[in-house]
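What follows is the content of run-v6.cif (mmCIF, C-alpha atoms).
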data_coords
loop_
_atom_site.label_atom_id
_atom_site.label_comp_id
_atom_site.auth_asym_id
_atom_site.auth_seq_id
_atom_site.Cartn_x
_atom_site.Cartn_y
_atom_site.Cartn_z
CA MET A 617 -25.72 -7.14 -10.43
CA THR A 618 -22.81 -9.46 -11.26
CA THR A 619 -20.28 -6.71 -10.59
CA LYS A 620 -21.78 -6.12 -7.14
CA LYS A 621 -21.64 -9.85 -6.43
CA ASN A 622 -18.02 -10.05 -7.68
CA SER A 623 -17.06 -7.06 -5.54
CA LYS A 624 -18.67 -8.66 -2.47
CA ARG A 625 -16.86 -11.97 -3.12
CA LYS A 626 -13.52 -10.14 -3.55
CA GLU A 627 -14.11 -8.43 -0.22
CA GLU A 628 -14.91 -11.78 1.43
CA ILE A 629 -11.69 -13.26 0.05
CA LEU A 630 -9.60 -10.35 1.35
CA GLN A 631 -11.28 -10.50 4.77
CA ALA A 632 -10.61 -14.24 4.97
CA LEU A 633 -6.98 -13.67 3.97
CA ALA A 634 -6.54 -10.97 6.64
CA LEU A 635 -8.10 -13.28 9.25
CA MET A 636 -5.81 -16.15 8.26
CA LEU A 637 -2.80 -13.83 8.57
CA GLU A 638 -4.00 -12.93 12.07
CA LYS A 639 -4.84 -16.44 13.27
CA GLY A 640 -1.84 -18.29 11.86
CA PRO A 641 1.36 -16.35 12.65
CA GLY A 642 4.28 -17.95 10.85
CA GLU A 643 2.06 -20.18 8.74
CA ARG A 644 2.35 -20.04 4.99
CA ILE A 645 -1.01 -19.31 3.40
CA THR A 646 -1.81 -21.38 0.35
CA THR A 647 -4.60 -20.71 -2.11
CA ALA A 648 -6.02 -24.14 -1.22
CA LYS A 649 -6.32 -23.18 2.48
CA LEU A 650 -7.73 -19.78 1.58
CA ALA A 651 -10.31 -21.31 -0.79
CA GLN A 652 -11.36 -23.69 2.00
CA GLU A 653 -11.67 -20.78 4.45
CA VAL A 654 -13.84 -18.80 2.01
CA GLY A 655 -15.86 -21.88 1.05
CA VAL A 656 -15.08 -21.78 -2.67
CA SER A 657 -12.87 -23.69 -5.08
CA GLU A 658 -9.35 -22.54 -5.93
CA ALA A 659 -10.60 -21.89 -9.45
CA ALA A 660 -13.21 -19.51 -8.01
CA LEU A 661 -10.45 -17.64 -6.14
CA TYR A 662 -8.54 -17.21 -9.38
CA ARG A 663 -11.61 -15.81 -11.10
CA HIS A 664 -11.43 -12.86 -8.68
CA PHE A 665 -7.64 -12.57 -8.28
CA PRO A 666 -5.15 -13.86 -10.88
CA SER A 667 -2.59 -14.72 -8.17
CA LYS A 668 -1.96 -14.79 -4.45
CA ALA A 669 0.30 -11.75 -4.92
CA ARG A 670 -2.73 -9.83 -6.26
CA MET A 671 -4.68 -10.83 -3.13
CA PHE A 672 -1.90 -9.40 -0.94
CA GLU A 673 -1.89 -6.29 -3.13
CA GLY A 674 -5.63 -6.01 -2.53
CA LEU A 675 -4.96 -5.81 1.22
CA ILE A 676 -2.19 -3.26 0.66
CA GLU A 677 -4.53 -1.16 -1.50
CA PHE A 678 -7.20 -1.35 1.22
CA THR A 679 -4.59 -0.09 3.71
CA GLU A 680 -3.51 2.77 1.44
CA GLU A 681 -7.09 3.87 0.84
CA ALA A 682 -7.97 3.70 4.54
CA LEU A 683 -4.92 5.69 5.63
CA PHE A 684 -4.22 8.28 2.97
CA SER A 685 -7.73 9.69 2.61
CA ARG A 686 -7.69 10.43 6.35
CA ILE A 687 -4.07 11.62 6.42
CA ASN A 688 -4.91 14.17 3.69
CA ARG A 689 -7.92 15.33 5.70
CA ILE A 690 -5.81 15.75 8.85
CA ALA A 691 -3.24 17.78 6.90
CA LYS A 692 -5.97 20.10 5.57
CA GLU A 693 -8.11 20.46 8.68
CA GLN A 694 -5.52 20.65 11.46
CA ASP A 695 -3.27 23.71 11.79
CA ASP A 696 -1.19 22.84 14.84
CA ILE A 697 1.93 20.81 13.90
CA ARG A 698 1.90 18.81 17.14
CA GLU A 699 -1.73 17.87 16.59
CA GLN A 700 -1.10 17.00 12.92
CA CYS A 701 1.75 14.63 13.76
CA PHE A 702 -0.12 13.15 16.71
CA GLN A 703 -3.25 12.50 14.64
CA ILE A 704 -1.34 11.01 11.69
CA MET A 705 0.68 8.67 13.92
CA THR A 706 -2.39 7.76 16.00
CA LEU A 707 -4.34 7.01 12.82
CA VAL A 708 -1.68 4.55 11.61
CA LEU A 709 -1.39 2.90 15.05
CA THR A 710 -5.19 2.66 15.41
CA PHE A 711 -5.48 1.09 11.95
CA ALA A 712 -2.77 -1.40 12.94
CA SER A 713 -4.51 -2.30 16.21
CA ARG A 714 -7.78 -2.97 14.34
CA ASN A 715 -6.16 -4.99 11.55
CA PRO A 716 -3.67 -7.41 13.12
CA GLY A 717 -3.49 -9.66 10.06
CA ILE A 718 -2.54 -6.73 7.86
CA CYS A 719 0.21 -5.85 10.36
CA ARG A 720 1.95 -9.09 9.35
CA LEU A 721 2.03 -7.68 5.82
CA LEU A 722 3.23 -4.28 7.02
CA THR A 723 6.19 -5.83 8.85
CA GLY A 724 6.98 -8.07 5.88
CA GLU A 725 6.64 -11.21 8.01
CA ALA A 726 3.84 -12.66 5.86
CA LEU A 727 5.71 -11.85 2.64
CA ALA A 728 8.57 -14.33 3.06
CA GLY A 729 8.80 -16.24 -0.20
CA GLU A 730 6.29 -13.95 -1.93
CA HIS A 731 6.91 -11.66 -4.90
CA GLU A 732 9.49 -8.92 -4.23
CA ARG A 733 7.07 -6.35 -5.68
CA LEU A 734 4.94 -6.70 -2.53
CA ARG A 735 7.82 -5.63 -0.27
CA GLY A 736 8.28 -2.63 -2.52
CA ARG A 737 4.62 -1.69 -2.10
CA ILE A 738 4.92 -1.86 1.70
CA SER A 739 8.08 0.23 1.61
CA GLN A 740 6.34 2.76 -0.61
CA LEU A 741 3.38 2.96 1.78
CA PHE A 742 5.62 3.82 4.75
CA ASN A 743 7.66 6.24 2.61
CA ARG A 744 4.47 8.10 1.66
CA ILE A 745 3.51 8.52 5.32
CA GLU A 746 7.02 9.75 6.15
CA THR A 747 6.88 12.17 3.21
CA GLN A 748 3.59 13.54 4.54
CA LEU A 749 5.16 14.10 7.98
CA LYS A 750 8.15 15.85 6.34
CA GLN A 751 5.80 18.07 4.38
CA GLN A 752 3.90 19.08 7.51
CA LEU A 753 7.15 19.81 9.38
CA ARG A 754 8.47 21.91 6.45
CA GLN A 755 5.24 23.90 6.36
CA HIS A 756 5.66 24.54 10.08
CA GLU A 757 9.22 25.82 9.50
CA VAL A 758 7.91 28.26 6.89
CA ALA A 759 4.97 29.36 9.06
CA VAL A 760 7.20 30.27 12.02
CA SER A 761 10.21 31.39 9.93
CA GLY A 762 12.44 28.91 11.72
CA LYS A 763 14.68 25.94 10.97
CA PHE A 764 14.73 22.53 12.66
CA ASN A 765 18.06 21.22 13.91
CA PRO A 766 18.36 18.28 13.36
CA ASP A 767 16.48 18.74 10.14
CA VAL A 768 12.95 17.87 9.05
CA ALA A 769 13.97 14.59 7.36
CA SER A 770 15.64 13.30 10.56
CA ARG A 771 12.60 14.15 12.67
CA ALA A 772 10.10 12.60 10.25
CA ASN A 773 12.27 9.48 10.06
CA LEU A 774 12.33 9.16 13.86
CA LEU A 775 8.53 9.48 14.02
CA MET A 776 8.16 6.74 11.41
CA ALA A 777 10.67 4.52 13.22
CA ILE A 778 8.47 4.79 16.31
CA VAL A 779 5.31 3.91 14.36
CA GLU A 780 6.97 0.97 12.60
CA GLY A 781 8.54 -0.23 15.85
CA ARG A 782 5.19 -0.26 17.64
CA ILE A 783 3.63 -2.27 14.78
CA GLN A 784 6.59 -4.68 14.91
CA GLN A 785 6.09 -5.15 18.68
CA TYR A 786 2.41 -5.87 18.05
CA VAL A 787 3.30 -8.64 15.60
CA ARG A 788 6.19 -9.98 17.71
CA THR A 789 3.91 -10.35 20.76
CA ASP A 790 1.29 -12.22 18.70
CA PHE A 791 -0.97 -9.15 18.94
CA LEU A 792 -0.92 -8.97 22.74
CA GLN A 793 0.83 -5.60 23.02
CA SER A 794 -1.36 -3.07 21.29
CA PRO A 795 0.40 -0.48 19.14
CA LEU A 796 -1.60 2.07 21.14
CA ALA A 797 -0.37 0.84 24.57
CA SER A 798 0.77 3.89 26.61
CA TRP A 799 0.67 6.02 23.45
CA ASP A 800 -1.15 8.92 25.12
CA GLN A 801 1.48 8.97 27.90
CA GLN A 802 4.40 8.66 25.47
CA TRP A 803 3.32 11.25 22.93
CA PRO A 804 4.11 14.24 25.22
CA LEU A 805 7.73 13.02 25.31
CA LEU A 806 7.85 13.26 21.49
CA SER A 807 5.65 16.28 20.90
CA ASN A 808 8.32 18.88 21.66
CA MET A 809 10.50 17.62 18.80
CA VAL A 810 7.85 18.47 16.20
CA ALA A 811 7.39 22.17 16.92
CA LEU A 812 9.71 25.15 16.86
CA ASN A 813 7.76 27.32 19.28
#
Take the structure in the file and write it out as structure tokens.
Amino acid sequence: MTTKKNSKRKEEILQALALMLEKGPGERITTAKLAQEVGVSEAALYRHFPSKARMFEGLIEFTEEALFSRINRIAKEQDDIREQCFQIMTLVLTFASRNPGICRLLTGEALAGEHERLRGRISQLFNRIETQLKQQLRQHEVAVSGKFNPDVASRANLLMAIVEGRIQQYVRTDFLQSPLASWDQQWPLLSNMVALN
């Protein structure tokens, strides 16, 4: 019973942190403000998370779990390379549009003055998505006995630059310009670069 209660409280803390990241762009979040938002003492916060860095890591872990379980499913269930890339990119952009506070973490804006390890975790998250795109593009090359020029790594990097840029615009506009704005119209411009046939 206590574990369930602890788990629920942890979730409440992370939700409050994500909301504070969304509502206070540019504001530094202190554990005192977060404790007040959650309605607990700072000591109670520290019973669930040993540091603010661990709270941020909790949000990063939530993001990884939400994205990679679905990305793996897309890779397994979808055969068409255009559809795979479209669905993976759309998944990331949809997640971003639904979690504006977490987008401030993804762009690094909320991590100014925080532990360097957190930036590394964000970088790793984006690198994993890019690696997945590379893998799908390589499998496509093998399936059609062709070779991309420019190569797979360049193409996957461009796709990730587009995803990251759209998330950055979302944060820069204080969440007014959705990462999904005009996406369905823009994807056809990109889709030809992800298939050889």
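For Met705 in chain A, the set of protein, DNA and RNA residues having any atom at most 10 Å away, when counting all atoms listed in the file and skipping those fewer than 5 positions along the same chain, is Ile687, Glu699, Gln700, Thr710, Phe711, Ile745, Leu749, Leu775, Met776, Ile778, Val779, Trp799 and Trp803 of chain A.
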- Task: Might you pull out every residue within 9 Å of range 676-682 of chain A, with all atoms listed in the file counted and same-chain residues fewer than 6 positions away left off, and present them as number ranges by chain?
- Result: A: 711, 718, 721-722, 734, 737-738, 741
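The point (-1.5, -10.1, -5.6) has these residues within 12 Å of it, counting only C-alpha atoms: Leu630, Leu633, Thr647, Leu661, Tyr662, His664, Phe665, Pro666, Ser667, Lys668, Ala669, Arg670, Met671, Phe672, Glu673, Gly674, Leu675, Ile676, Glu677, Leu727, Glu730, His731, Glu732, Arg733, Leu734, Arg735 and Arg737 of chain A.
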- Message: Within 12 Å of (14.5, 11.6, 9.6) in the file's own coordinates, which protein, DNA or RNA residues have an atom, counting all atoms listed in the file? List them as a PyMOL selection string.
- Response: chain A and resi 743+746-747+749-750+753+764-778+809-810
- Message: Between CA of Ser657 in chain A and CA of Ser623 in chain A, what distance in Å does the model show, to one decimal?
- Response: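 So the answer is 17.2 Å.
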- Message: Just to confirm, what's the straight-line distance from CA of Cys701 in chain A to CA of Asp800 in chain A in Å (one decimal)?
- Response: 13.0 Å
If we count all atoms listed in the file and set the cut-off at 10 Å, which residues sit around Gly642 in chain A, ignoring sequence neighbours fewer than 6 positions away in its own chain? Please answer as a PDB file with C-alpha atoms, in the coordinates of the input.
ATOM      1  CA  ARG A 720       1.950  -9.090   9.350  1.00  0.00           C
ATOM      2  CA  GLU A 725       6.640 -11.210   8.010  1.00  0.00           C
ATOM      3  CA  ALA A 726       3.840 -12.660   5.860  1.00  0.00           C
ATOM      4  CA  ALA A 728       8.570 -14.330   3.060  1.00  0.00           C
TER       5      ALA A 728
END
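Distances here use all atoms listed in the file; by that measure, the residue among A:Arg744, A:Arg689, A:Arg644, A:Gln793 closest to Gly781 in chain A is A:Gln793.
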- Message: Between A:Phe742, A:Tyr786, A:Gly729, A:Gly717, which residue has the minimum interatomic distance to Pro641 in chain A, considering only C-alpha atoms?
- Response: A:Gly717
- How far is it from CA of Gln703 in chain A to CA of Leu812 in chain A, in Å with one decimal?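 Interatomic distance, CA of Gln703 in chain A to CA of Leu812 in chain A: 18.2 Å.
Shortest separation to Asn715 in chain A among A:Val654, A:Met636, A:Val760, A:Ala660 occurs at residue A:Met636, atoms counted being all atoms listed in the file.
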Let me have the centre and edge lengths in Å, one decimal, of the box along x, y and z around every listed atom of range 654-659 of chain A with 6 Å of margin on each side, as AutoDock Vina command-line options.
--center_x -12.6 --center_y -21.2 --center_z -3.7 --size_x 18.5 --size_y 16.9 --size_z 23.5
